[in-house]
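Visitor: Take a look at the following structure, please.
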Amino acid sequence: MDTNKSYQIIRVAKKYYELHMGQLEIAQEEGVSKSTISRMLQKAIDLGYVKVTIDAPVESVKEMEDKLKNIFHLKEVFVSPNLVDDEEINLRDTCRALAGNLDKYIIDNTIVAVSWGNTLNCLAGQIQPLKAKDIKVVQLNGGVAKSASSTGASQIVDALTMAGHGVGYMFPVPAIVDSKLTSDILQQETQVKNVLRLAKEAEVSIFSIGALSKESILYEVGYLKEEDFQALEKNKAVGDIASRYFDINGNIALKELDDRVVGFGLEELREKEWTIAIAVGVNKVDAIIGALRAGFMNVFYTDEKTARELLNRCA
């Protein structure tokens, strides 16, 4: 596209969205038809010049919320309504709900421990400035990529650190290494020990729940080898939290693999004041059930479709 055409599209978009001019008025000024202006406005969206967002409040589906809270003895549950049949939009709405409630969990000087992954990356994009100041944000598990593909592990740490005027602490190692010996040695390194200590001291933990899938970041970036994946399937693993895989009852599914993880132990999550899990997608239901049965979280954010499947399975 030539520069003049690009400038015209931007000019038309500014007139319509910023000056609130009508399409017919713009068409007359530009010397083109109204239908041409309509196409230019759509082109501006397609090219990313214009981003349309809907910032309506997300209200929890109260009936499902109460049922899940009672069945699994949770402090809080938030079920975002599925206003459209699109999982990406539903995940974004659920993340927006959690982001909007963070002031409830995070106060001045709070230490927040976080996992990473696609869901937490989505959450990072929804976080707004917090009332809290001087917070510390620490990773629950290593996030250094083993391949050219990025894990995006720093996004949630950076977003929360900026929002809470705090300091971020990254795990400067891979999530899963080649042997237990390597994991043990790394966890004796001073920087890693400091991060693990902060994670243990954290009052709040925020994490996603992943399904056992070859579409997960752990598989895509090379943390999980094919033989690992097959062994997890054989041992009936259903999903992971912070790179630690468990079965439908929340028990570690493959000890040999778990010994190679560099990070926080799942059993320690139960000691936190707020352990906040966020998970959207019926493909994650088995993993969510395992995490709930094990008591890894006391706060749960999900969407209506996922909640309905959970209730069908567990009510």
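So you can find residues: chains in the structure tokens are A, B, ... in the order shown, residues in each start at 1, and ligands are numbered from 1 in order.
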Quick one: DSSP alpha helix (DSSP H) residues in range 55-289 of chain A, as JSON, numbers by chain?

Guide: {"A": [62, 63, 64, 65, 66, 67, 68, 69, 70, 71, 72, 87, 88, 89, 90, 91, 92, 93, 94, 95, 96, 97, 98, 99, 100, 101, 102, 103, 104, 105, 118, 119, 120, 121, 122, 123, 124, 154, 155, 156, 157, 158, 159, 160, 161, 162, 163, 180, 181, 182, 183, 184, 185, 186, 190, 191, 192, 193, 194, 195, 196, 197, 198, 199, 200, 201, 217, 218, 219, 220, 226, 227, 228, 229, 230, 231, 232, 233, 234, 255, 256, 257, 258, 285, 286, 287, 288, 289]}

Visitor: Tell me, as a list in words, which residues lie within 9 Å of Ala237 in chain A, counting only C-alpha atoms; anything in the same chain fewer than 4 positions away does not count.

Guide: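 Contacts, with the query itself left out: Ala211, Leu212, Ala231, Leu232, Glu233, Tyr245, Phe246, Asp247, Ile248, Asn251, Ile252, Ala253, Leu254 and Ala287 of chain A.
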
Visitor: Limited to C-alpha atoms, could you put the picked residues into a file as a short mmCIF file (atom, residue, chain, number, x, y, z; two decimals), in the first residue's frame?

Guide:
```
data_model
loop_
_atom_site.label_atom_id
_atom_site.label_comp_id
_atom_site.auth_asym_id
_atom_site.auth_seq_id
_atom_site.Cartn_x
_atom_site.Cartn_y
_atom_site.Cartn_z
CA ALA A 211 -4.12 -29.18 30.36
CA LEU A 212 -1.78 -31.95 29.27
CA ALA A 231 5.14 -41.06 30.15
CA LEU A 232 2.75 -38.42 31.50
CA GLU A 233 -0.09 -39.86 29.42
CA TYR A 245 2.05 -32.26 36.41
CA PHE A 246 -0.61 -34.02 38.45
CA ASP A 247 -3.42 -36.56 38.05
CA ILE A 248 -7.19 -36.20 38.48
CA ASN A 251 -1.17 -36.18 43.01
CA ILE A 252 2.15 -35.69 41.21
CA ALA A 253 1.81 -37.85 38.10
CA LEU A 254 5.46 -38.54 37.25
CA ALA A 287 -6.88 -30.51 35.35
#
```

Visitor: Quick one: of A:Lys75, A:Glu227, A:Ala124, A:Lys131, who's nearest to Thr275 in chain A, counting only C-alpha atoms?

Guide: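 Among the listed residues, A:Lys75 lies closest to Thr275 in chain A.
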
Visitor: As a list in words, please: every residue in range 107-265 of chain A that a backbone DSSP assignment puts in strand (DSSP E or B).

Guide: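 Of range 107-265 of chain A, the ones in strand (DSSP E or B) are Ile111, Val112, Ala113, Val114, Lys136, Val137, Val138, Gln139, Asn141, Val167, Gly168, Tyr169, Ile176, Val204, Ser205, Ile206, Phe207, Ser208, Gly210, Ala211, Gly239, Asp240, Ile241, Arg244, Tyr245, Phe246, Ile252, Val261 and Gly263 of chain A.
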
Visitor: Using Å and a single decimal, report how far CA of Val238 in chain A sits from CA of Val282 in chain A.

Guide: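 Atom-to-atom, CA of Val282 in chain A to CA of Val238 in chain A, that is 12.5 Å.
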
Visitor: Do you know which residues are at most 10 Å from Asn90 in chain A counting only C-alpha atoms, after dropping those on the same chain fewer than 5 positions away, and could you put them as a count of residues only?

Guide: 14

Visitor: Using only C-alpha atoms, which residue out of A:Leu68, A:Ala277, A:Leu257, A:Met297 lies closest to Cys314 in chain A?

Guide: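 Closest to Cys314 in chain A of all the choices is A:Leu68.
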
Visitor: Compile a residue-level contact table for range 85-138 of chain A against range 265-272 of chain A at a cut-off of 12 Å, reporting for every qualifying residue the shortest atom pair and its distance in Å to one decimal, with only C-alpha atoms counted, rows ordered by chain and ascending number, as JSON lines.

Guide:
```
{"residue": "A:Tyr105", "atom": "CA", "partner": "A:Lys272", "partner_atom": "CA", "distance": 11.5}
{"residue": "A:Thr110", "atom": "CA", "partner": "A:Lys272", "partner_atom": "CA", "distance": 11.9}
{"residue": "A:Ile111", "atom": "CA", "partner": "A:Lys272", "partner_atom": "CA", "distance": 10.7}
{"residue": "A:Val112", "atom": "CA", "partner": "A:Lys272", "partner_atom": "CA", "distance": 10.1}
{"residue": "A:Ala113", "atom": "CA", "partner": "A:Leu269", "partner_atom": "CA", "distance": 9.9}
{"residue": "A:Val114", "atom": "CA", "partner": "A:Leu269", "partner_atom": "CA", "distance": 11.1}
{"residue": "A:Ser115", "atom": "CA", "partner": "A:Leu266", "partner_atom": "CA", "distance": 11.5}
```

Visitor: For Leu102 in chain A, which of A:Val299, A:Thr182, A:Gln8, A:Asn235 is the closest residue, counting only C-alpha atoms?

Guide: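 Of the candidates, the smallest distance to Leu102 in chain A is held by A:Val299.
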
Visitor: Using only C-alpha atoms, which protein or nucleic acid residues come within 8 Å of Phe264 in chain A? Drop anything in the same chain fewer than 3 positions from it, and give the result as a PDB file with C-alpha atoms, in the first residue's frame.

Guide:
```pdb
ATOM      1  CA  LEU A 140       6.892 -19.642  40.867  1.00  0.00           C
ATOM      2  CA  ASN A 141       8.943 -21.530  38.289  1.00  0.00           C
ATOM      3  CA  LEU A 196      12.502 -19.533  46.017  1.00  0.00           C
ATOM      4  CA  ALA A 199       8.038 -17.370  46.589  1.00  0.00           C
ATOM      5  CA  LYS A 200       7.694 -19.180  49.918  1.00  0.00           C
ATOM      6  CA  ALA A 242       3.821 -24.019  37.302  1.00  0.00           C
ATOM      7  CA  GLU A 268       3.296 -25.099  49.515  1.00  0.00           C
TER       8      GLU A 268
END
```

Visitor: By how many Å are CA of Leu311 in chain A and CA of Ile71 in chain A apart?

Guide: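 Those two atoms sit 9.0 Å apart.
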
Visitor: Have a look at CA of Arg313 in chain A and CA of Asp286 in chain A and let me know their distance in Å, one decimal.

Guide: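 Those two atoms sit 9.3 Å apart.
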
Visitor: So that I can see what lies close to Leu310 in chain A, please list as a PyMOL selection string the residues with an atom at most 8 Å from it, counting only C-alpha atoms and leaving out residues fewer than 4 positions away in the same chain.

Guide: chain A and resi 285+289+306+314-315

Visitor: Would you kindly return, as a ChimeraX atom specification, each protein, DNA or RNA residue with an atom no farther than 9 Å from any atom of Val195 in chain A, considering only C-alpha atoms and excluding same-chain residues fewer than 3 positions away?

Guide: /A:138-140,169-171,190-192,198-200

Visitor: Those selected residues, please, written with N, CA and C atoms and delivered as a PDB file, in the first residue's frame.

Guide:
```
ATOM      1  N   VAL A 138       7.280 -12.264  42.156  1.00  0.00           N
ATOM      2  CA  VAL A 138       8.272 -13.314  41.976  1.00  0.00           C
ATOM      3  C   VAL A 138       7.683 -14.472  41.185  1.00  0.00           C
ATOM      4  N   GLN A 139       8.485 -15.082  40.354  1.00  0.00           N
ATOM      5  CA  GLN A 139       8.026 -16.247  39.590  1.00  0.00           C
ATOM      6  C   GLN A 139       7.977 -17.500  40.460  1.00  0.00           C
ATOM      7  N   LEU A 140       7.009 -18.355  40.173  1.00  0.00           N
ATOM      8  CA  LEU A 140       6.892 -19.642  40.867  1.00  0.00           C
ATOM      9  C   LEU A 140       7.793 -20.698  40.248  1.00  0.00           C
ATOM     10  N   TYR A 169      11.112 -10.204  40.367  1.00  0.00           N
ATOM     11  CA  TYR A 169      12.191 -11.179  40.533  1.00  0.00           C
ATOM     12  C   TYR A 169      11.936 -12.356  39.605  1.00  0.00           C
ATOM     13  N   MET A 170      12.825 -12.529  38.624  1.00  0.00           N
ATOM     14  CA  MET A 170      12.679 -13.597  37.641  1.00  0.00           C
ATOM     15  C   MET A 170      13.463 -14.834  38.071  1.00  0.00           C
ATOM     16  N   PHE A 171      12.957 -15.997  37.686  1.00  0.00           N
ATOM     17  CA  PHE A 171      13.687 -17.247  37.854  1.00  0.00           C
ATOM     18  C   PHE A 171      14.647 -17.365  36.664  1.00  0.00           C
ATOM     19  N   THR A 190      22.713 -18.908  44.517  1.00  0.00           N
ATOM     20  CA  THR A 190      22.247 -17.831  45.392  1.00  0.00           C
ATOM     21  C   THR A 190      21.022 -17.119  44.839  1.00  0.00           C
ATOM     22  N   GLN A 191      21.024 -16.756  43.550  1.00  0.00           N
ATOM     23  CA  GLN A 191      19.899 -16.021  42.979  1.00  0.00           C
ATOM     24  C   GLN A 191      18.635 -16.868  42.968  1.00  0.00           C
ATOM     25  N   VAL A 192      18.786 -18.162  42.639  1.00  0.00           N
ATOM     26  CA  VAL A 192      17.635 -19.057  42.618  1.00  0.00           C
ATOM     27  C   VAL A 192      17.101 -19.261  44.030  1.00  0.00           C
ATOM     28  N   LEU A 198      11.571 -15.961  48.390  1.00  0.00           N
ATOM     29  CA  LEU A 198      10.506 -14.966  48.215  1.00  0.00           C
ATOM     30  C   LEU A 198       9.176 -15.637  47.849  1.00  0.00           C
ATOM     31  N   ALA A 199       9.259 -16.651  46.978  1.00  0.00           N
ATOM     32  CA  ALA A 199       8.038 -17.370  46.589  1.00  0.00           C
ATOM     33  C   ALA A 199       7.396 -18.025  47.802  1.00  0.00           C
ATOM     34  N   LYS A 200       8.222 -18.543  48.696  1.00  0.00           N
ATOM     35  CA  LYS A 200       7.694 -19.180  49.918  1.00  0.00           C
ATOM     36  C   LYS A 200       7.065 -18.144  50.850  1.00  0.00           C
TER      37      LYS A 200
END
```

Visitor: As a VMD selection string, please: the residues near range 17-28 of chain A (cut-off 8 Å, only C-alpha atoms, same-chain neighbours under 5 positions excluded).

Guide: chain A and resid 12 33 to 34 36 to 38
